[in-house]
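Single-structure report; data block below.
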Amino acid sequence: MDIADWGLLMTAATAAGWVDAVVGGGGLILLPALFLVAPQLTPQAALATNKLTAFTGTSAAVYTFSRRIPMEWRQMAPAAALAAVTSACGAAAVSLIDKKYFVPIVMVVLVAVAVFVTMRPTLGTTIATHRPTQRKTVLVLLLSAGLIGLYDGLLGPGTGTFLIISFATFLGTEFVRSAAMAKVINLGSNFGALAYFAVTGHVWWSLGLAMAVCNVLGAVIGSRMALSKGSGFVRITLLVVVIAMVIRLGWQQFG
């Protein structure tokens, strides 16, 4: 790769870290950039290198969020561990499943998310008047971690978005807290997939670590902006990113 290629990937990694920290979906920025610059990469190698970069950026976002937002670690940690296991299972199935069947489904779900958020302007911008029971909280966390973690290892685009919407809808948390919780679960799912890809020898370590530095920078900036600008900013960003993801996936599938 020449200097221009490196510059493109570092810029994409920074942008992906920012988007991931706020609403998720950074993979749709970084993965196309990887395939553009290094078309010789197999899907597993591209996903693996992206996971290394995303894991470091998500770690920085978790640290930044947790300094300002109290976390229920006794609930979040087991959910993150479950996400790691199911994500590793998803990563193991990457080569077995034709992902062309998944992209249209993901597009439909993302459109539904955009319509749902648009039709409910108070979603994620106000806190639920009644705190959910501990049983309900644990159930939502575990189901979200298990199912969305599996999806993250298998395909990935919009993982953070789906987690944020799940927490805002079923637990009544506002978007900033939902984003913070999503990062913890996403950290687990990134780790699980990365661990599998590392063991199977698919990670391009030198490139992934170089992009990780930029991804961390973007993640810190994004999480700080989410904290300072509040849930309204996250809501608008979520809608913009969801629409962009639908367009990007549609172009990939039908263009």
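Here's how to read the names in the structure tokens: chain A, B, ... by the order shown, residue numbers from 1 in each chain, ligand numbers from 1 in the order shown.
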
Contact residues around range 56-68 of chain A with only C-alpha atoms at 10 Å, ignoring same-chain residues under 5 positions, as a ChimeraX atom specification: /A:13-14,16-18,20-22,24,51,176-177,179-188,190-191,208-209,211-224,226-227

Selection: 8 Å around Leu155 in chain A, only C-alpha atoms, excl. self and same-chain fewer than 2 positions, as a VMD selection string: chain A and resid 90 94 99 151 to 153 157

Those same residues - N, CA and C atoms - I'd like them written as a PDB file, in the first residue's frame.
```pdb
ATOM      1  N   GLY A  90     -20.921 -16.807  15.876  1.00  0.00           N
ATOM      2  CA  GLY A  90     -21.263 -16.171  14.611  1.00  0.00           C
ATOM      3  C   GLY A  90     -20.068 -16.076  13.683  1.00  0.00           C
ATOM      4  N   VAL A  94     -19.236 -17.687   9.642  1.00  0.00           N
ATOM      5  CA  VAL A  94     -19.125 -16.743   8.520  1.00  0.00           C
ATOM      6  C   VAL A  94     -18.930 -17.469   7.199  1.00  0.00           C
ATOM      7  N   LYS A  99     -24.044 -14.700   2.909  1.00  0.00           N
ATOM      8  CA  LYS A  99     -24.551 -13.483   3.531  1.00  0.00           C
ATOM      9  C   LYS A  99     -25.446 -12.644   2.622  1.00  0.00           C
ATOM     10  N   TYR A 151     -25.321 -11.959  15.773  1.00  0.00           N
ATOM     11  CA  TYR A 151     -25.368 -11.199  14.523  1.00  0.00           C
ATOM     12  C   TYR A 151     -24.064 -10.436  14.289  1.00  0.00           C
ATOM     13  N   ASP A 152     -23.482  -9.878  15.342  1.00  0.00           N
ATOM     14  CA  ASP A 152     -22.256  -9.105  15.198  1.00  0.00           C
ATOM     15  C   ASP A 152     -21.113  -9.965  14.678  1.00  0.00           C
ATOM     16  N   GLY A 153     -20.988 -11.175  15.200  1.00  0.00           N
ATOM     17  CA  GLY A 153     -19.931 -12.058  14.718  1.00  0.00           C
ATOM     18  C   GLY A 153     -20.170 -12.541  13.305  1.00  0.00           C
ATOM     19  N   PRO A 157     -22.968  -5.037  10.610  1.00  0.00           N
ATOM     20  CA  PRO A 157     -23.399  -3.649  10.439  1.00  0.00           C
ATOM     21  C   PRO A 157     -24.602  -3.275  11.300  1.00  0.00           C
TER      22      PRO A 157
END
```

Contacts of Ser166 in chain A at 9 Å (only C-alpha atoms; same-chain gap of 3+ positions) as a list of chain:residue names: A:Val140, A:Leu141, A:Ser144, A:Thr161, A:Phe162, A:Leu163, A:Thr169, A:Phe170, A:Leu171, A:Ser178

Just-selected residues, N, CA and C atoms written as a CSV table (one decimal), in the first residue's frame:
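So out-v5.csv came out as:
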```csv
chain,number,residue,atom,x,y,z
A,140,VAL,N,-33.7,-8.5,29.2
A,140,VAL,CA,-33.4,-7.7,28.0
A,140,VAL,C,-31.9,-7.7,27.7
A,141,LEU,N,-31.1,-7.5,28.7
A,141,LEU,CA,-29.7,-7.5,28.5
A,141,LEU,C,-29.2,-8.8,27.9
A,144,SER,N,-30.6,-9.4,24.3
A,144,SER,CA,-29.9,-8.5,23.4
A,144,SER,C,-28.5,-9.0,23.1
A,161,THR,N,-26.4,0.1,16.9
A,161,THR,CA,-27.7,0.7,16.6
A,161,THR,C,-28.8,-0.2,17.2
A,162,PHE,N,-28.8,-1.4,16.9
A,162,PHE,CA,-29.8,-2.4,17.3
A,162,PHE,C,-29.8,-2.5,18.9
A,163,LEU,N,-28.6,-2.4,19.5
A,163,LEU,CA,-28.5,-2.5,20.9
A,163,LEU,C,-29.1,-1.2,21.6
A,169,THR,N,-36.1,1.1,23.9
A,169,THR,CA,-37.5,0.6,23.8
A,169,THR,C,-38.0,-0.2,24.9
A,170,PHE,N,-37.2,-1.2,25.4
A,170,PHE,CA,-37.6,-2.2,26.4
A,170,PHE,C,-37.3,-1.8,27.8
A,171,LEU,N,-36.2,-0.9,28.0
A,171,LEU,CA,-35.9,-0.5,29.3
A,171,LEU,C,-36.2,0.9,29.6
A,178,SER,N,-28.3,4.5,26.8
A,178,SER,CA,-28.4,3.3,25.9
A,178,SER,C,-27.1,3.1,25.2
```

A:Lys136, A:Leu143, A:Val19, A:Ala79 ranked by distance to Gly172 in chain A, top pick (using only C-alpha atoms): A:Lys136

Shell around Asp5 in chain A at 10 Å using only C-alpha atoms, local window under 3 positions removed, as a list of chain:residue names: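 Everything that qualifies: A:Met1, A:Asp2, A:Leu8, A:Leu9, A:Met10, A:Thr11, A:Ala33, A:Leu34, A:Leu36, A:Val37, A:Ala38.
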